[in-house]
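Student: The following block contains the structure, expressed as C-alpha cells.
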2 protein chains.
Amino acid sequence: MRDFSHDHRWLSINTATVRAQWPLDRIVDECARRGIRAISPWRDQVAAAGLERVAERLRATGIELSGYCRGGMFPAATDAGRREALDDNRRAIDEAAHLGAPCVVLVVGGLPGALAGHPASKDIAAARRDVRDGIAATLEHSRAARMPLAIEPLHPMYAADRACVNTLEHALDLCDALDPARTGLLGVAVDAYHVWWDPKLEAQIARAGRERLLAFHVCDWLVPTRDLLNDRGMMGDGVIDLPRLRGWVEAAGYAGYSEVEIFSAENWWKRDGGEVLDTCIARHRTAV
Amino acid sequence: MRDFSHDHRWLSINTATVRAQWPLDRIVDECARRGIRAISPWRDQVAAAGLERVAERLRATGIELSGYCRGGMFPAATDAGRREALDDNRRAIDEAAHLGAPCVVLVVGGLPGALAGHPASKDIAAARRDVRDGIAATLEHSRAARMPLAIEPLHPMYAADRACVNTLEHALDLCDALDPARTGLLGVAVDAYHVWWDPKLEAQIARAGRERLLAFHVCDWLVPTRDLLNDRGMMGDGVIDLPRLRGWVEAAGYAGYSEVEIFSAENWWKRDGGEVLDTCIARHRTAV
C-alpha cells in the first residue's frame, strides 16, 4: 500500500468539492498553486467555464484528470428519452476525450422522472434494463473514442432518483455481462461513501481487479448524517475506515489517484475554498 | 397471493406509526374499534403504559401481536456493554413471551456509541462479529422461552448507527450460520422500506422460505426523502412496488400480517391518529 503521509502526489480534487466557492478555471489555478496534480470536473462546470478554456488551463498548469463527471442517467419513460440520454452520453465521452480524461464516470440513473420529483414508474427492474441497454449502446462510442466508462455504484439511498446500481457486485455483474473480455473499456468507480457499508466489499474489490478499478473516491460518512445528498464529511471526520478500504483497492491493483468528492451544503461549501483544499491535502496524508 | 382488497384482516399496526398521537393502551383500543386484529408494539411504549396493563388490554380486545420491537443493539465498546446488551435482550424476550408475540424483532446495532453520536470505532467488521456472537448467545434464551428472533436488515443508510446488517442476504447468512437446522427460532423481518432497492431481493426472499420469514413490514419510500429517519411514506405515496414485493414474500410461504410501520415527523405524526389508522386501512386494501 502506498504511503500517502509525506506528500499529496496521488490526491485529486473532484471539483464539486469547491463548486460553491469558485468557477472551474479558478479551481484549476488554485489546485495548481498547491501542487495538486489532478482534478475531476463536472460537465456543468466545464460548460460554464467553456470547454476550450478549461482545456487550455489544464495544458497551462499541467493538471490532469482522474475522471470526468458524469455520464449515465439512462432510464427514461419514453424511447425518445432513452435516445436523448444516449446522445448526451456520446457528448460526455467527446468532452472527456478532449480534456484527456482517463474515464467517464457513470451515475446510471434511477426511476424515470424521479430526480425531478415526479417518478413515472415504480419498476426498478425496468430501470435496470434501461441501464444495461444504455451502457451497452454507449460502449460502442466509448470503444471508438477509446474512452473507458466507470460505473459508479451509488449508495442505496439514491436508488430511486439517482442510480439504481447500488452495490459493487451489481456494477461488476454489468461489467462482466457487457465486457466479458475485460478490455479495460468498462469498469467501476469505487466511492467509499457509497460502498463502505457493504459486507461483501472486500471480496468484490478483489473480484474487480486492476482492469475494472478505474477510479477511487473518498470523503467520509458523518454520524449523524443530516441530509441524504449534501452532508458528506471530510476524510477523518466520519466512520469510514478509509485506509483499510484503500488497502483493498490497492491490493487489487489500483495505483491511481485518490479523488476527494465532498458535497457539504452546511459546512465545507460555506468555507473559504483555499481552506477546503488545504484541509483535503492534510487529510489525504493523515486519514486516507 | 392473498386478496387484500376486500378487508383488512391481515393488517397489523406497528405502534410507532401513531406514537406521537397516543399512548399504547389507547392505540390498542383505537385499533380494536376499527377491526384491526394485530399490532407490533415498541418496548418503550409498553414500559410507559405498563406491561400488565398492555397484556390486559390485548386480552380484553382480542388483539394479537405480529412482532415485538425490539431487541438487538449488540455491539459495544466494552465487555460490560456487551453483557448488558445480552441482559436487555433476555428481558425483551420475556416481555414478548408475556404479551404472546410471535417473535422479537432484532435491530442489531451499528458501531458502538454511534447512535448516541459518539462512535467509538470505525471497525464495522468487529461490530458484525459482536452481532453474530450476540445473536448466538441470545438464541439460548430464545430457545428456552420458545420465542423466535427476527433479524431485520436495515437500509444501508443506518449501517453506522442502527444496524450493521443491511441486506437480506447478510441476515440469511447469519441465520444459516447460527440456525442451520432451520428450527424456526431464527429468521428475518422483511421491511420493504429497508430492502426494496436490493437487486437480489427476490432471490433472497425465496432463499429465506417459510421458516425464515417471520415478519413483513410496509410503508413507502418518498421521492424526495427529506430525512434519513423520520420521512417514511404511507403505502402508495412513494416508489416501492409493494404488491410485487408481497407477491415474492407470499410465494415463499409467508402467510402472516402485513405490518405498517411509518416514522413521519412532518406528516403522519402531525395528523389525527384516527385519520392515520383509517388511511392505513384504506391503503392496505389498495396499495399493498
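If you're wondering about the labels, chains in the C-alpha cells are A, B, ... by order shown, residues count from 1 in each chain, ligands from 1 in order shown.
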From a DSSP pass on the backbone, collect the residues of range 31-264 of chain B flagged as strand (DSSP E) and hand them back as a PyMOL selection string.

Tutor: chain B and resi 38-40+64-65+68-72+104-107+149-151+186-191+213-218+258-260

Student: Enumerate as a list in words the residues belonging to chain A that approach chain B to within 6 Å, with only C-alpha atoms taken into account.

Tutor: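 So the contacting residues turn out to be Gly117, Lys122, Val223, Val239 and Asp241 of chain A.
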
Student: Please produce a file of those selected residues containing N, CA and C atoms, as a PDB file, in the first residue's frame.

Tutor:
```pdb
ATOM      1  N   GLY A 117     -38.454  14.806  -9.172  1.00  0.00           N
ATOM      2  CA  GLY A 117     -39.512  14.775  -8.164  1.00  0.00           C
ATOM      3  C   GLY A 117     -40.826  14.191  -8.630  1.00  0.00           C
ATOM      4  N   LYS A 122     -42.668   2.686 -10.885  1.00  0.00           N
ATOM      5  CA  LYS A 122     -42.126   2.040  -9.687  1.00  0.00           C
ATOM      6  C   LYS A 122     -41.313   0.820 -10.070  1.00  0.00           C
ATOM      7  N   VAL A 223     -21.691  10.926  11.415  1.00  0.00           N
ATOM      8  CA  VAL A 223     -22.679  10.427  12.374  1.00  0.00           C
ATOM      9  C   VAL A 223     -23.034  11.556  13.330  1.00  0.00           C
ATOM     10  N   VAL A 239     -16.917   7.851   9.968  1.00  0.00           N
ATOM     11  CA  VAL A 239     -16.705   6.495  10.474  1.00  0.00           C
ATOM     12  C   VAL A 239     -16.161   5.514   9.437  1.00  0.00           C
ATOM     13  N   ASP A 241     -13.460   3.539   7.529  1.00  0.00           N
ATOM     14  CA  ASP A 241     -12.061   3.164   7.708  1.00  0.00           C
ATOM     15  C   ASP A 241     -11.382   3.255   6.342  1.00  0.00           C
TER      16      ASP A 241
END
```

Student: Give the alpha helix (DSSP H) residues of range 17-219 of chain A, as DSSP finds them on the backbone, and put them as a ChimeraX atom specification.

Tutor: /A:24-33,43-49,51-61,79-99,124-145,168-178,192-195,201-212

Student: Mind pulling up the distance from CA of Leu174 in chain A to CA of Thr78 in chain A?

Tutor: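 The value is 22.7 Å.
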
Student: With only C-alpha atoms as the counted atoms, please give the residues lying no more than 10 Å from Asp29 in chain A, apart from itself and same-chain residues fewer than 6 positions off, as a list in words.

Tutor: Gly35, Ile36, Arg57, Leu58, Ala60, Thr61 and Ile63 of chain A

Student: Output the selection as a PDB file, in the first residue's frame - C-alpha atoms for each residue.

Tutor:
```pdb
ATOM      1  CA  GLY A  35       0.775  21.193  -6.228  1.00  0.00           C
ATOM      2  CA  ILE A  36      -2.391  19.188  -6.683  1.00  0.00           C
ATOM      3  CA  ARG A  57      -5.969  25.916 -18.290  1.00  0.00           C
ATOM      4  CA  LEU A  58      -5.246  22.205 -17.909  1.00  0.00           C
ATOM      5  CA  ALA A  60      -1.047  25.528 -18.979  1.00  0.00           C
ATOM      6  CA  THR A  61      -0.953  24.144 -15.439  1.00  0.00           C
ATOM      7  CA  ILE A  63      -3.057  19.306 -14.252  1.00  0.00           C
TER       8      ILE A  63
END
```

Student: Measuring atom to atom with only C-alpha atoms, identify which of B:Arg162, B:Arg246, B:His6, B:Arg232 is nearest to Leu213 in chain B.

Tutor: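 The closest residue to Leu213 in chain B is B:Arg246.
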
Student: Nearest to Val188 in chain A: which of A:Ile39, A:Ala20, A:Ala137, A:Val249 is it, counting only C-alpha atoms?

Tutor: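 Checking each of A:Ile39, A:Ala20, A:Ala137, A:Val249 against Val188 in chain A, counting only C-alpha atoms, the winner is A:Val249.
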
Student: Skip range 65-70 of chain B itself and residues of its chain fewer than 4 positions away, then list as a PyMOL selection string all residues within 10 Å of it, counting only C-alpha atoms.

Tutor: chain B and resi 10-16+37-46+58+89+92-93+95-97+99-108+148-150+152+189+214-217+256-259

Student: Env of Gly134 in chain A: 7 Å cut, atoms = only C-alpha atoms, seq-sep filter 4 positions within chain, self excluded. Answer as a PyMOL selection string.

Tutor: chain A and resi 74+86+130+138

Student: For Arg19 in chain B, which of B:Cys280, B:Val190, B:Leu185, B:Ile262 is the closest residue, counting only C-alpha atoms?

Tutor: B:Ile262

Student: From the options A:Gly233, A:Pro153, A:Gly71, A:Pro112, which residue's atoms come nearest to Val276 in chain A, counting only C-alpha atoms?

Tutor: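 Of the candidates, the smallest distance to Val276 in chain A is held by A:Gly233.
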